[in-house]
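J.: Structure supplied as query.txt; contents: compact mmCIF, C-alpha atoms.
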```txt
# COMPACT_ATOMS: atom_id res chain seq x y z
CA MET V 1 -21.33 -122.66 -109.75
CA SER V 2 -19.16 -119.53 -109.38
CA GLY V 3 -19.44 -115.82 -109.23
CA LEU V 4 -22.75 -114.32 -108.07
CA GLY V 5 -24.53 -117.62 -108.43
CA GLU V 6 -22.88 -118.94 -105.28
CA LEU V 7 -24.28 -116.18 -103.11
CA ASN V 8 -27.67 -117.93 -102.92
CA HIS V 9 -26.15 -121.36 -102.40
CA ARG V 10 -26.97 -123.25 -99.22
CA GLY V 11 -23.36 -123.04 -98.07
CA SER V 12 -22.83 -119.39 -98.92
CA PRO V 13 -21.67 -116.83 -96.34
CA ASP V 14 -25.16 -115.37 -96.19
CA ARG V 15 -26.12 -118.38 -94.08
CA PRO V 16 -23.43 -118.75 -91.43
CA GLY V 17 -23.24 -122.10 -89.79
CA SER V 18 -24.48 -124.07 -92.85
CA PRO V 19 -22.05 -126.60 -94.35
CA ASP V 20 -20.38 -126.18 -97.72
CA HIS V 21 -21.52 -129.15 -99.80
CA SER V 22 -19.27 -128.30 -102.71
CA GLY V 23 -16.29 -129.73 -100.84
CA SER V 24 -14.05 -127.13 -102.50
CA PRO V 25 -11.94 -124.69 -100.52
CA ASP V 26 -12.47 -122.08 -103.20
CA HIS V 27 -13.60 -118.73 -101.78
CA SER V 28 -14.80 -117.16 -104.97
CA GLY V 29 -17.03 -114.20 -104.38
CA PHE V 30 -15.33 -113.30 -101.08
CA PRO V 31 -13.02 -110.33 -100.59
CA ASP V 32 -9.35 -111.13 -100.51
CA HIS V 33 -7.82 -110.49 -97.07
CA SER V 34 -4.55 -112.22 -97.69
CA GLY V 35 -2.62 -109.02 -97.28
CA SER V 36 -4.29 -107.89 -94.08
CA PRO V 37 -2.66 -109.45 -91.02
CA ASP V 38 -5.26 -107.99 -88.66
CA LEU V 39 -8.30 -109.53 -90.32
CA PRO V 40 -9.56 -113.11 -89.77
CA GLY V 41 -8.96 -115.60 -92.52
CA THR V 42 -5.48 -114.33 -93.58
CA SER V 43 -2.44 -116.43 -94.26
CA ASP V 44 1.19 -116.28 -93.24
CA ARG V 45 4.09 -115.43 -95.54
CA SER V 46 4.51 -119.07 -96.60
CA GLY V 47 1.04 -119.04 -98.09
CA ALA V 48 -0.45 -121.50 -95.62
CA PRO V 49 -3.90 -120.37 -94.65
CA PHE V 50 -4.77 -119.91 -91.00
CA GLY V 51 -7.71 -118.58 -88.99
CA PRO V 52 -11.37 -119.44 -89.68
CA GLY V 53 -10.70 -120.60 -93.24
CA SER V 54 -7.83 -122.91 -92.34
CA PRO V 55 -8.12 -126.69 -91.88
CA ALA V 56 -7.77 -126.16 -88.10
CA SER V 57 -11.19 -124.48 -88.10
CA PHE V 58 -12.96 -127.56 -89.44
CA GLY V 59 -15.32 -129.15 -86.93
CA ALA V 60 -15.41 -132.75 -85.89
CA GLY V 61 -18.01 -133.52 -88.55
CA GLY V 62 -16.06 -131.96 -91.40
CA ASP V 63 -18.07 -128.73 -91.63
CA ARG V 64 -16.18 -125.51 -91.99
CA ARG V 65 -16.73 -122.16 -90.40
CA TRP V 66 -16.74 -119.21 -92.71
CA PRO V 67 -14.76 -116.05 -91.93
CA GLY V 68 -16.34 -113.67 -89.44
CA THR V 69 -18.43 -116.28 -87.60
CA GLU V 70 -16.20 -116.79 -84.52
CA HIS V 71 -17.69 -113.85 -82.65
CA ARG V 72 -21.18 -115.22 -83.22
CA LEU V 73 -20.18 -118.67 -82.03
CA LEU V 74 -18.56 -117.25 -78.93
CA ALA V 75 -21.62 -115.07 -78.18
CA GLY V 76 -24.05 -117.94 -78.71
CA ALA V 77 -24.40 -121.30 -77.04
CA ARG V 78 -21.36 -123.59 -76.85
CA PRO V 79 -21.73 -126.67 -79.07
CA ALA V 80 -22.73 -129.77 -77.15
CA GLY V 81 -21.20 -133.16 -77.88
CA GLY V 82 -18.48 -131.70 -80.10
CA ARG V 83 -20.90 -130.74 -82.87
CA THR V 84 -21.22 -127.25 -84.28
CA THR V 85 -24.51 -125.51 -83.55
CA SER V 86 -26.11 -122.48 -85.07
CA ALA V 87 -25.34 -119.08 -83.57
CA SER V 88 -28.66 -117.56 -84.52
CA ALA V 89 -29.88 -117.77 -80.88
CA SER V 90 -27.67 -114.87 -79.82
CA PRO V 91 -29.27 -112.26 -82.11
CA ARG V 92 -32.71 -113.45 -81.05
CA THR V 93 -31.78 -113.11 -77.35
CA SER V 94 -30.37 -109.64 -77.87
CA ALA V 95 -33.47 -108.67 -79.84
CA ASP V 96 -35.67 -109.73 -76.90
CA PRO V 97 -33.94 -108.56 -73.69
CA VAL V 98 -37.09 -109.17 -71.64
CA LYS V 99 -36.96 -112.87 -72.53
CA ALA V 100 -33.33 -113.02 -71.42
CA LEU V 101 -34.28 -111.30 -68.14
CA MET V 102 -37.09 -113.82 -67.63
CA ASP V 103 -34.66 -116.68 -68.14
CA ARG V 104 -32.38 -115.28 -65.43
CA HIS V 105 -35.29 -114.80 -63.02
CA ARG V 106 -37.42 -117.78 -64.00
CA ALA V 107 -38.02 -118.90 -60.40
CA LEU V 108 -39.17 -115.41 -59.40
CA CYS V 109 -41.59 -115.20 -62.32
CA GLU V 110 -43.06 -118.66 -61.71
CA ARG V 111 -43.73 -118.26 -57.99
CA ALA V 112 -45.02 -114.66 -58.15
CA VAL V 113 -48.74 -114.26 -57.48
CA ASP V 114 -48.89 -110.78 -59.02
CA PRO V 115 -46.63 -108.40 -60.97
CA LEU V 116 -45.80 -106.47 -57.80
CA GLU V 117 -43.78 -109.39 -56.44
CA ILE V 118 -41.75 -109.48 -59.64
CA ALA V 119 -41.19 -105.73 -59.45
CA ALA V 120 -40.01 -106.05 -55.84
CA GLY V 121 -37.66 -108.87 -56.77
CA LEU V 122 -36.19 -106.94 -59.69
CA GLU V 123 -35.71 -103.88 -57.52
CA ALA V 124 -33.93 -105.99 -54.90
CA GLN V 125 -31.56 -107.22 -57.64
CA GLY V 126 -30.63 -103.66 -58.60
CA VAL V 127 -32.97 -103.07 -61.55
CA THR V 128 -33.99 -99.40 -61.52
CA ASP V 129 -36.46 -97.38 -63.58
CA ARG V 130 -33.58 -96.10 -65.68
CA THR V 131 -32.42 -99.66 -66.35
CA ALA V 132 -35.94 -100.64 -67.37
CA ALA V 133 -36.14 -97.70 -69.79
CA VAL V 134 -32.70 -98.01 -71.37
CA ARG V 135 -32.17 -101.76 -71.58
CA PHE V 136 -35.71 -103.15 -71.69
CA ARG V 137 -37.66 -100.29 -73.32
CA HIS V 138 -40.20 -99.92 -70.50
CA ARG V 139 -41.14 -96.74 -68.72
CA ASP V 140 -40.47 -98.21 -65.25
CA VAL V 141 -39.86 -101.41 -63.32
CA PHE V 142 -43.57 -101.94 -62.69
CA SER V 143 -44.50 -102.08 -66.37
CA LEU V 144 -41.54 -104.39 -67.01
CA ALA V 145 -42.77 -106.68 -64.23
CA GLU V 146 -46.27 -106.71 -65.70
CA GLU V 147 -44.94 -107.92 -69.05
CA MET V 148 -42.79 -110.59 -67.37
CA TYR V 149 -45.78 -111.77 -65.36
CA ALA V 150 -47.99 -111.92 -68.45
CA ARG V 151 -45.41 -113.86 -70.48
CA THR V 152 -44.77 -116.47 -67.78
CA PRO V 153 -46.62 -119.73 -68.63
CA ARG V 154 -49.24 -120.60 -66.03
CA ASP V 155 -52.33 -122.75 -65.75
CA GLY V 156 -55.34 -120.70 -66.74
CA ASP V 157 -55.38 -117.02 -67.56
CA THR V 158 -51.92 -115.51 -67.84
CA ARG V 159 -52.96 -111.88 -68.05
CA PRO V 160 -51.71 -109.68 -65.20
CA PRO V 161 -54.38 -108.56 -62.73
CA ARG V 162 -55.43 -104.97 -62.58
CA ARG V 163 -53.28 -102.74 -60.41
CA THR V 164 -55.89 -101.90 -57.82
CA ALA V 165 -55.23 -101.19 -54.19
CA PRO V 166 -56.06 -104.18 -51.97
CA PRO V 167 -58.56 -103.68 -49.17
CA VAL V 168 -57.14 -102.72 -45.81
CA PRO V 169 -56.80 -105.91 -43.73
CA ARG V 170 -58.97 -105.80 -40.67
CA ALA V 171 -57.33 -105.96 -37.26
CA ARG V 172 -57.63 -109.54 -36.04
CA THR V 173 -57.61 -110.68 -32.44
CA ALA V 174 -54.89 -113.16 -33.38
CA TRP V 175 -52.31 -110.38 -32.93
CA VAL V 176 -54.27 -107.65 -31.14
CA VAL V 177 -54.72 -109.66 -27.94
CA PRO V 178 -51.02 -110.67 -27.61
CA ALA V 179 -50.07 -107.03 -28.22
CA LEU V 180 -52.20 -105.95 -25.26
CA LEU V 181 -50.95 -108.70 -22.96
CA PRO V 182 -47.50 -107.27 -21.98
CA GLY V 183 -49.01 -104.01 -20.77
CA ALA V 184 -51.74 -105.76 -18.79
CA LEU V 185 -49.31 -108.14 -17.07
CA CYS V 186 -46.85 -105.34 -16.33
CA ALA V 187 -49.61 -103.23 -14.78
CA ALA V 188 -50.62 -106.19 -12.59
CA ALA V 189 -47.00 -106.72 -11.53
CA VAL V 190 -46.57 -103.03 -10.63
CA ALA V 191 -49.75 -103.13 -8.58
CA GLY V 192 -48.46 -106.23 -6.79
CA LEU V 193 -45.19 -104.48 -5.94
CA ARG V 194 -47.12 -101.60 -4.41
CA LEU V 195 -49.27 -103.90 -2.29
CA THR V 196 -46.64 -106.33 -0.99
CA HIS V 197 -43.57 -106.11 1.27
CA GLY V 198 -40.54 -108.24 2.07
CA GLN V 199 -40.34 -111.74 0.61
CA PRO V 200 -43.72 -111.60 -1.19
CA ARG V 201 -42.57 -108.45 -3.00
CA LEU V 202 -39.46 -110.24 -4.30
CA ILE V 203 -41.55 -113.17 -5.52
CA THR V 204 -44.01 -110.79 -7.17
CA ALA V 205 -41.21 -108.92 -8.93
CA VAL V 206 -39.60 -112.10 -10.31
CA ALA V 207 -42.94 -113.52 -11.45
CA GLY V 208 -43.94 -110.21 -13.03
CA VAL V 209 -40.68 -109.90 -14.99
CA LEU V 210 -40.99 -113.46 -16.32
CA ALA V 211 -44.61 -112.89 -17.29
CA VAL V 212 -43.80 -109.67 -19.15
CA VAL V 213 -40.89 -111.32 -20.98
CA LEU V 214 -43.01 -114.25 -22.17
CA ALA V 215 -45.91 -112.01 -23.15
CA THR V 216 -43.62 -109.71 -25.14
CA ARG V 217 -42.09 -112.66 -26.98
CA ALA V 218 -45.57 -113.82 -27.92
CA ALA V 219 -46.53 -110.32 -29.08
CA VAL V 220 -43.61 -109.99 -31.50
CA ARG V 221 -43.90 -113.50 -32.95
CA ARG V 222 -47.24 -112.83 -34.64
CA GLY V 223 -48.73 -109.85 -36.34
CA PRO V 224 -47.13 -106.75 -37.87
CA LEU V 225 -44.10 -106.93 -35.56
CA ALA V 226 -43.22 -110.51 -36.49
CA THR V 227 -39.88 -111.20 -38.15
CA PRO V 228 -40.08 -113.29 -41.35
CA GLY V 229 -37.86 -116.37 -41.40
CA ARG V 230 -34.84 -116.90 -39.19
CA LYS V 231 -33.19 -113.54 -38.67
CA PRO V 232 -30.43 -112.43 -36.28
CA SER V 233 -31.87 -112.20 -32.78
CA ALA V 234 -31.37 -109.14 -30.57
CA GLY V 235 -33.24 -110.43 -27.53
CA LEU V 236 -30.43 -109.93 -25.00
CA PRO V 237 -29.66 -106.29 -25.99
CA VAL V 238 -33.37 -105.46 -25.94
CA TRP V 239 -33.84 -106.81 -22.43
CA TRP V 240 -30.71 -105.05 -21.24
CA LEU V 241 -32.10 -101.75 -22.51
CA ALA V 242 -35.45 -102.46 -20.86
CA GLY V 243 -33.71 -103.44 -17.62
CA TYR V 244 -31.67 -100.25 -17.69
CA ALA V 245 -34.91 -98.26 -18.01
CA LEU V 246 -36.08 -100.01 -14.85
CA LEU V 247 -32.91 -100.17 -12.73
CA GLY V 248 -30.10 -98.42 -14.59
CA GLU V 249 -30.70 -94.82 -13.64
CA GLY V 250 -30.99 -95.70 -9.95
CA LEU V 251 -27.81 -97.77 -10.12
CA LEU V 252 -25.99 -94.89 -11.84
CA ARG V 253 -27.01 -92.44 -9.12
CA THR V 254 -25.99 -94.88 -6.39
CA ALA V 255 -22.64 -95.64 -8.04
CA LEU V 256 -21.80 -91.95 -8.27
CA ALA V 257 -22.55 -91.66 -4.54
CA GLY V 258 -20.33 -94.62 -3.65
CA GLY V 259 -22.96 -97.39 -3.53
CA PRO V 260 -24.93 -99.49 -3.86
CA ASP V 261 -25.21 -100.82 -0.33
CA GLY V 262 -27.82 -103.48 -1.07
CA PRO V 263 -30.04 -105.05 -3.74
CA PRO V 264 -33.05 -103.21 -5.18
CA THR V 265 -36.21 -103.34 -3.10
CA GLY V 266 -38.64 -102.38 -5.86
CA THR V 267 -39.28 -98.90 -4.49
CA ALA V 268 -38.04 -95.45 -5.50
CA ASP V 269 -36.72 -94.63 -2.01
CA GLY V 270 -34.64 -97.78 -1.39
CA PRO V 271 -30.86 -98.19 -1.52
CA TRP V 272 -31.15 -98.98 -5.22
CA PRO V 273 -34.00 -96.81 -6.60
CA VAL V 274 -36.30 -98.32 -9.22
CA THR V 275 -38.16 -96.26 -11.85
CA LEU V 276 -41.34 -98.11 -12.76
CA ALA V 277 -43.03 -95.53 -14.99
CA PRO V 278 -40.78 -95.94 -18.08
CA PHE V 279 -40.91 -99.74 -17.88
CA LEU V 280 -44.69 -99.76 -17.51
CA ALA V 281 -45.19 -97.26 -20.33
CA LEU V 282 -42.98 -99.27 -22.70
CA ALA V 283 -44.88 -102.46 -21.89
CA LEU V 284 -48.19 -100.71 -22.53
CA ALA V 285 -46.75 -99.29 -25.78
CA CYS V 286 -46.55 -102.76 -27.36
CA ALA V 287 -50.13 -102.34 -28.58
CA PRO V 288 -49.56 -98.90 -30.20
CA ALA V 289 -46.35 -100.21 -31.75
CA ALA V 290 -48.14 -103.17 -33.35
CA TRP V 291 -50.97 -100.99 -34.61
CA THR V 292 -48.56 -98.39 -35.98
CA ALA V 293 -46.58 -101.09 -37.82
CA HIS V 294 -49.86 -102.46 -39.21
CA LEU V 295 -50.92 -99.04 -40.51
CA PHE V 296 -47.51 -98.38 -42.04
CA ALA V 297 -47.38 -101.74 -43.84
CA THR V 298 -50.91 -101.35 -45.18
CA ALA V 299 -50.42 -97.78 -46.37
CA ALA V 300 -47.09 -98.65 -48.00
CA ARG V 301 -48.71 -101.56 -49.81
CA ARG V 302 -51.39 -99.30 -51.20
CA ARG V 303 -48.76 -96.81 -52.36
CA LEU V 304 -46.98 -99.69 -54.06
CA THR V 305 -50.00 -100.52 -56.18
CA ALA V 306 -50.54 -96.88 -57.11
CA SER V 307 -46.94 -95.87 -57.87
CA ARG V 308 -45.54 -95.80 -61.39
CA GLY V 309 -41.86 -95.87 -60.48
CA LEU V 310 -39.42 -96.71 -57.72
CA ASP V 311 -38.57 -93.08 -57.03
CA ASP V 312 -42.26 -92.22 -56.92
CA PHE V 313 -42.86 -95.02 -54.43
CA ALA V 314 -39.94 -93.99 -52.21
CA ALA V 315 -41.12 -90.37 -52.14
CA ALA V 316 -44.62 -91.51 -51.13
CA VAL V 317 -43.53 -93.95 -48.41
CA ARG V 318 -40.97 -91.72 -46.67
CA PRO V 319 -43.63 -89.42 -45.11
CA LEU V 320 -45.57 -92.52 -44.04
CA LEU V 321 -42.56 -93.82 -42.15
CA LEU V 322 -41.92 -90.51 -40.41
CA GLY V 323 -45.62 -90.19 -39.59
CA ALA V 324 -45.71 -93.69 -38.11
CA VAL V 325 -42.75 -92.93 -35.84
CA ALA V 326 -44.29 -89.63 -34.76
CA LEU V 327 -47.64 -91.31 -34.06
CA PHE V 328 -45.99 -93.94 -31.87
CA LEU V 329 -43.97 -91.35 -29.96
CA ALA V 330 -47.14 -89.36 -29.29
CA ALA V 331 -48.84 -92.48 -27.90
CA LEU V 332 -45.77 -93.32 -25.80
CA ALA V 333 -45.62 -89.78 -24.40
CA ALA V 334 -49.27 -90.03 -23.34
CA LEU V 335 -48.60 -93.40 -21.67
CA LEU V 336 -45.55 -91.97 -19.88
CA ALA V 337 -47.58 -89.06 -18.57
CA ALA V 338 -50.34 -91.37 -17.34
CA ALA V 339 -47.90 -93.83 -15.72
CA GLY V 340 -45.95 -91.01 -14.07
CA ALA V 341 -49.14 -89.49 -12.67
CA VAL V 342 -50.30 -92.83 -11.24
CA LEU V 343 -46.92 -93.84 -9.76
CA GLY V 344 -45.86 -90.38 -8.64
CA GLU V 345 -42.81 -90.21 -10.92
CA PRO V 346 -41.72 -87.48 -13.36
CA ALA V 347 -43.96 -87.35 -16.41
CA VAL V 348 -41.24 -86.07 -18.76
CA GLN V 349 -38.99 -89.00 -19.63
CA PRO V 350 -36.79 -88.17 -22.66
CA GLN V 351 -34.77 -91.35 -22.14
CA ALA V 352 -37.91 -93.46 -22.42
CA LEU V 353 -38.97 -91.67 -25.63
CA ALA V 354 -35.54 -92.26 -27.16
CA LEU V 355 -35.66 -95.93 -26.15
CA GLY V 356 -39.17 -96.32 -27.54
CA ALA V 357 -38.17 -94.83 -30.89
CA LEU V 358 -35.12 -97.11 -31.01
CA LEU V 359 -37.16 -100.26 -30.29
CA LEU V 360 -39.90 -99.36 -32.78
CA LEU V 361 -37.49 -98.66 -35.65
CA ALA V 362 -35.51 -101.79 -34.89
CA ARG V 363 -38.66 -103.89 -34.97
CA LEU V 364 -39.96 -102.27 -38.17
CA LEU V 365 -36.69 -103.02 -39.94
CA ALA V 366 -36.63 -106.60 -38.65
CA ALA V 367 -40.26 -107.18 -39.65
CA HIS V 368 -39.47 -106.13 -43.23
CA GLY V 369 -36.39 -108.31 -43.54
CA PHE V 370 -33.57 -106.02 -42.32
CA ALA V 371 -32.85 -107.56 -38.94
CA HIS V 372 -29.06 -107.45 -39.19
CA ALA V 373 -28.80 -103.66 -38.90
CA SER V 374 -31.33 -103.65 -36.05
CA ALA V 375 -29.39 -106.25 -34.06
CA LEU V 376 -26.13 -104.40 -34.65
CA VAL V 377 -27.41 -101.01 -33.46
CA LEU V 378 -29.23 -102.48 -30.45
CA SER V 379 -26.10 -104.36 -29.40
CA ALA V 380 -23.96 -101.23 -29.75
CA THR V 381 -26.43 -99.19 -27.67
CA ALA V 382 -26.57 -101.77 -24.90
CA LEU V 383 -22.78 -102.04 -24.90
CA ALA V 384 -22.44 -98.25 -24.56
CA GLN V 385 -24.75 -98.18 -21.54
CA ALA V 386 -22.96 -101.12 -19.92
CA THR V 387 -19.62 -99.43 -20.53
CA ALA V 388 -20.78 -96.21 -18.88
CA LEU V 389 -21.71 -98.14 -15.73
CA ALA V 390 -18.63 -100.35 -15.79
CA LEU V 391 -16.30 -97.36 -15.98
CA LEU V 392 -17.73 -96.00 -12.72
CA PHE V 393 -16.97 -99.23 -10.86
CA ALA V 394 -13.60 -99.72 -12.60
CA ALA V 395 -12.55 -96.24 -11.44
CA ARG V 396 -12.60 -97.51 -7.83
CA LEU V 397 -9.54 -99.61 -8.54
CA PRO V 398 -6.22 -98.06 -7.46
CA GLY V 399 -4.82 -95.75 -10.11
CA CYS V 400 -7.91 -95.99 -12.37
CA GLY V 401 -9.83 -92.94 -11.22
CA ALA V 402 -9.64 -91.31 -14.64
CA LEU V 403 -11.86 -94.01 -16.16
CA ALA V 404 -14.98 -92.45 -14.63
CA ALA V 405 -14.32 -89.02 -16.16
CA PRO V 406 -16.50 -89.44 -19.31
CA THR V 407 -19.54 -90.69 -17.40
CA GLU V 408 -19.15 -88.13 -14.63
CA ALA V 409 -18.84 -85.29 -17.14
CA LEU V 410 -21.96 -86.39 -18.99
CA VAL V 411 -23.98 -86.74 -15.78
CA ALA V 412 -22.70 -83.41 -14.45
CA ALA V 413 -23.79 -81.65 -17.64
CA TRP V 414 -27.27 -83.15 -18.18
CA GLY V 415 -28.04 -85.44 -15.25
CA PRO V 416 -28.22 -89.25 -14.91
CA ALA V 417 -30.85 -89.44 -17.65
CA ALA V 418 -28.27 -88.22 -20.18
CA VAL V 419 -26.61 -91.64 -20.50
CA PRO V 420 -29.68 -93.52 -21.80
CA THR V 421 -30.95 -90.46 -23.68
CA VAL V 422 -27.71 -89.97 -25.62
CA THR V 423 -27.06 -93.65 -26.32
CA CYS V 424 -30.61 -94.50 -27.33
CA GLY V 425 -31.01 -91.24 -29.23
CA ILE V 426 -27.93 -91.90 -31.36
CA GLY V 427 -29.09 -95.45 -32.01
CA ALA V 428 -32.61 -94.30 -32.94
CA LEU V 429 -31.27 -91.63 -35.28
CA THR V 430 -29.00 -94.18 -36.97
CA LEU V 431 -31.87 -96.60 -37.51
CA LEU V 432 -34.13 -93.80 -38.75
CA VAL V 433 -31.64 -92.87 -41.47
CA HIS V 434 -31.26 -96.53 -42.36
CA ALA V 435 -35.02 -97.06 -42.39
CA THR V 436 -35.63 -94.13 -44.75
CA ARG V 437 -33.39 -95.94 -47.25
CA ARG V 438 -34.53 -99.54 -46.71
CA LEU V 439 -38.22 -99.28 -45.89
CA THR V 440 -38.89 -97.04 -48.89
CA THR V 441 -37.93 -99.75 -51.40
CA ALA V 442 -40.44 -102.00 -53.14
CA SER V 443 -38.62 -105.14 -52.05
CA ALA V 444 -39.30 -104.30 -48.39
CA HIS V 445 -43.04 -104.63 -49.02
CA ALA V 446 -43.04 -107.69 -51.29
CA ARG V 447 -45.47 -109.66 -49.14
CA THR V 448 -49.08 -109.55 -50.26
CA GLU V 449 -50.42 -108.69 -46.82
CA PRO V 450 -48.94 -108.03 -43.44
CA ALA V 451 -48.54 -111.10 -41.30
CA CYS V 452 -51.46 -111.68 -38.99
```
The structure given in the file should be rewritten as structure tokens.

T.:
Amino acid sequence: MSGLGELNHRGSPDRPGSPDHSGSPDHSGFPDHSGSPDLPGTSDRSGAPFGPGSPASFGAGGDRRWPGTEHRLLAGARPAGGRTTSASASPRTSADPVKALMDRHRALCERAVDPLEIAAGLEAQGVTDRTAAVRFRHRDVFSLAEEMYARTPRDGDTRPPRRTAPPVPRARTAWVVPALLPGALCAAAVAGLRLTHGQPRLITAVAGVLAVVLATRAAVRRGPLATPGRKPSAGLPVWWLAGYALLGEGLLRTALAGGPDGPPTGTADGPWPVTLAPFLALALACAPAAWTAHLFATAARRRLTASRGLDDFAAAVRPLLLGAVALFLAALAALLAAAGAVLGEPAVQPQALALGALLLLARLLAAHGFAHASALVLSATALAQATALALLFAARLPGCGALAAPTEALVAAWGPAAVPTVTCGIGALTLLVHATRRLTTASAHARTEPAC
């Protein structure tokens, strides 16, 4: 059959990939491209055909590929076992981009318990609302996630649940009691230091520090302040910063005066003065920190269910984050005032407020899966404080007096409290900027409920 009759034949070019059963190399009905060197299926000057119509394009089974099909074969699946396969899967995949996206994120779709987890996973992979609208024809990432959740095969009903805000989880004693324990043990240790003298005071101080350390570790391992999985640990920098709040300012004053002449005695009038009010207030602030983190996580989760876009969610969560930090600082200021009044120390402690903000932001970031930045900033802050002290002692070496100039200038301008205030303030401001970018994403709140 020739002419127009071959257009409906099984091996005609209208059906790419089907074999030509006529066994004839005749290309009747096709446009002649023999004079076009830039088009597939042309021949050289000797008349020997080359390209898709040449004998080199025949498959292992003797089937031939018609001109213009190479781009479809390259875009589709590669033939398995040396046999030519149909390239019709590529147009179907391009016609259903959501199906292609589901294939790439099959594990995420299968383990998700609701569409919000899929939305958080897509957002973590860089899918934005604009991407969802342009490439997948959805108004936002949340609606795209709902379709992916509904189309994922599951046992039972596959329809996505209604986007309703979950009930606020009740505070459970499983994490409330450990959060109160560091403050209670620290208060008992401070009372013991005030009531003892000599060797019993030293034993009380060592026992109290160990008890507070263990209680704090227990408080941050469960509840809203817990870190998911194995994340970089910043335990040593944290305890250095806490130790500086207890002993650092007294050591700085003594070093500037040429001391110290002896070890700390646990009192404010000894050779190495100790400031107990900031340390006690920070230990008592473990409970407000846990409660603030719980409120922030719960409120952010409710905004996640009510938002209709990633930008909308970020705009709604940013004030929550700032409000949580402000609420904690207000509670810490009240605890500082109370501790200062009881212990007879200054009530205004800007260095303790800066340290509290730094520790809270670092723990919030770590609890939501961003522990690396927290560990980095905490380590840098602790190193800056240690360097300020080390320069004072290094300046006592012959010919090294200029090393103490930066620390002396800072203390002369704003007092000994300027060193921890400046270092912790810069660290807290850095983490606050980082938190406004990280904690306002949907992927930071992917868990169904805060850990309890």

J.: Find the spatial neighbours of Leu276 (chain V), counting all atoms listed in the file, within a cut-off of 8 Å - ignore same-chain residues fewer than 5 positions away - and output them as a ChimeraX atom specification.

T.: /V:190,246,343

J.: Got time to write the residues from that selection, C-alpha atoms, as a short mmCIF file (atom, residue, chain, number, x, y, z; two decimals), in the frame of the given file?

T.:
```cif
data_model
loop_
_atom_site.label_atom_id
_atom_site.label_comp_id
_atom_site.auth_asym_id
_atom_site.auth_seq_id
_atom_site.Cartn_x
_atom_site.Cartn_y
_atom_site.Cartn_z
CA VAL V 190 -46.57 -103.03 -10.63
CA LEU V 246 -36.08 -100.01 -14.85
CA LEU V 343 -46.92 -93.84 -9.76
#
```

J.: Taking (-39.7, -88.6, -23.9) in the file's own coordinates, collect the residues within 8 Å, counting all atoms listed in the file, and hand them back as a PyMOL selection string.

T.: chain V and resi 329+332-333+336+348-354

J.: So which one's closest to Leu410 (chain V), V:Leu310, V:Val325, V:Ala388, V:Leu376? Using all atoms listed in the file, please.

T.: V:Ala388

J.: How many Å lie between CA of Glu249 (chain V) and CA of Val274 (chain V), rounded to one decimal?

T.: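 It comes out at 7.9 Å.
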
J.: Can you tell me, as an mmCIF file with C-alpha atoms, keeping the file's coordinate frame, what residues are no more than 10 Å from Leu101 (chain V) when counting only C-alpha atoms, ignoring any on the same chain fewer than 5 positions away?

T.:
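Result went into out-v5.cif, see below:
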```
data_model
loop_
_atom_site.group_PDB
_atom_site.id
_atom_site.type_symbol
_atom_site.label_atom_id
_atom_site.label_comp_id
_atom_site.auth_asym_id
_atom_site.auth_seq_id
_atom_site.Cartn_x
_atom_site.Cartn_y
_atom_site.Cartn_z
ATOM 1 C CA THR V 93 -31.780 -113.110 -77.350
ATOM 2 C CA ASP V 96 -35.670 -109.730 -76.900
ATOM 3 C CA ARG V 106 -37.420 -117.780 -64.000
ATOM 4 C CA LEU V 122 -36.190 -106.940 -59.690
ATOM 5 C CA PHE V 136 -35.710 -103.150 -71.690
ATOM 6 C CA MET V 148 -42.790 -110.590 -67.370
#
```

J.: If you measure from CA of Ala404 (chain V) to CA of Cys424 (chain V), what distance in Å do you get, rounded to one decimal?

T.: 20.2 Å

J.: What separation in Å, quoted to one decimal, exists between CA of Ala290 (chain V) and CA of Ala179 (chain V)?

T.: 6.7 Å

J.: If we count only C-alpha atoms and set the cut-off at 12 Å, which residues sit around region 378-382 of chain V, ignoring sequence neighbours fewer than 6 positions away in its own chain? Please answer as a VMD selection string.

T.: chain V and resid 232 to 245 248 354 to 355 357 to 363 366 371 to 372 388 to 389 419 to 431

J.: Might you pull out every residue within 12 Å of Trp272 (chain V), with all atoms listed in the file counted and same-chain residues fewer than 2 positions away left off, and present them as a PyMOL selection string?

T.: chain V and resi 246-255+257-270+274-275

J.: From the list V:Gly183, V:Pro319, V:Gly369, V:Pro178, which residue is nearest Gly223 (chain V) when using all atoms listed in the file?

T.: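 Closest to Gly223 (chain V) of all the choices is V:Pro178.
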
J.: Counting all atoms listed in the file, figure out which residue out of V:Val377, V:Leu214, V:Leu180, V:Leu195 gets nearest to Leu282 (chain V).

T.: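 Counting all atoms listed in the file, the residue closest to Leu282 (chain V) is V:Leu180.
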
J.: When distances are computed from all atoms listed in the file, which of V:Pro224, V:Leu383, V:Leu280, V:Ala418 shows the smallest separation from Ala174 (chain V)?

T.: V:Pro224

J.: Enclose region 103-106 of chain V, meaning all of its atoms listed in the file, in a box aligned along x, y and z, pad it by 4 Å on each side, and list the centre and edge lengths in Å to one decimal, as JSON.

T.:
```
{"center_x": -34.9, "center_y": -116.3, "center_z": -65.6, "size_x": 13.0, "size_y": 11.0, "size_z": 13.1}
```
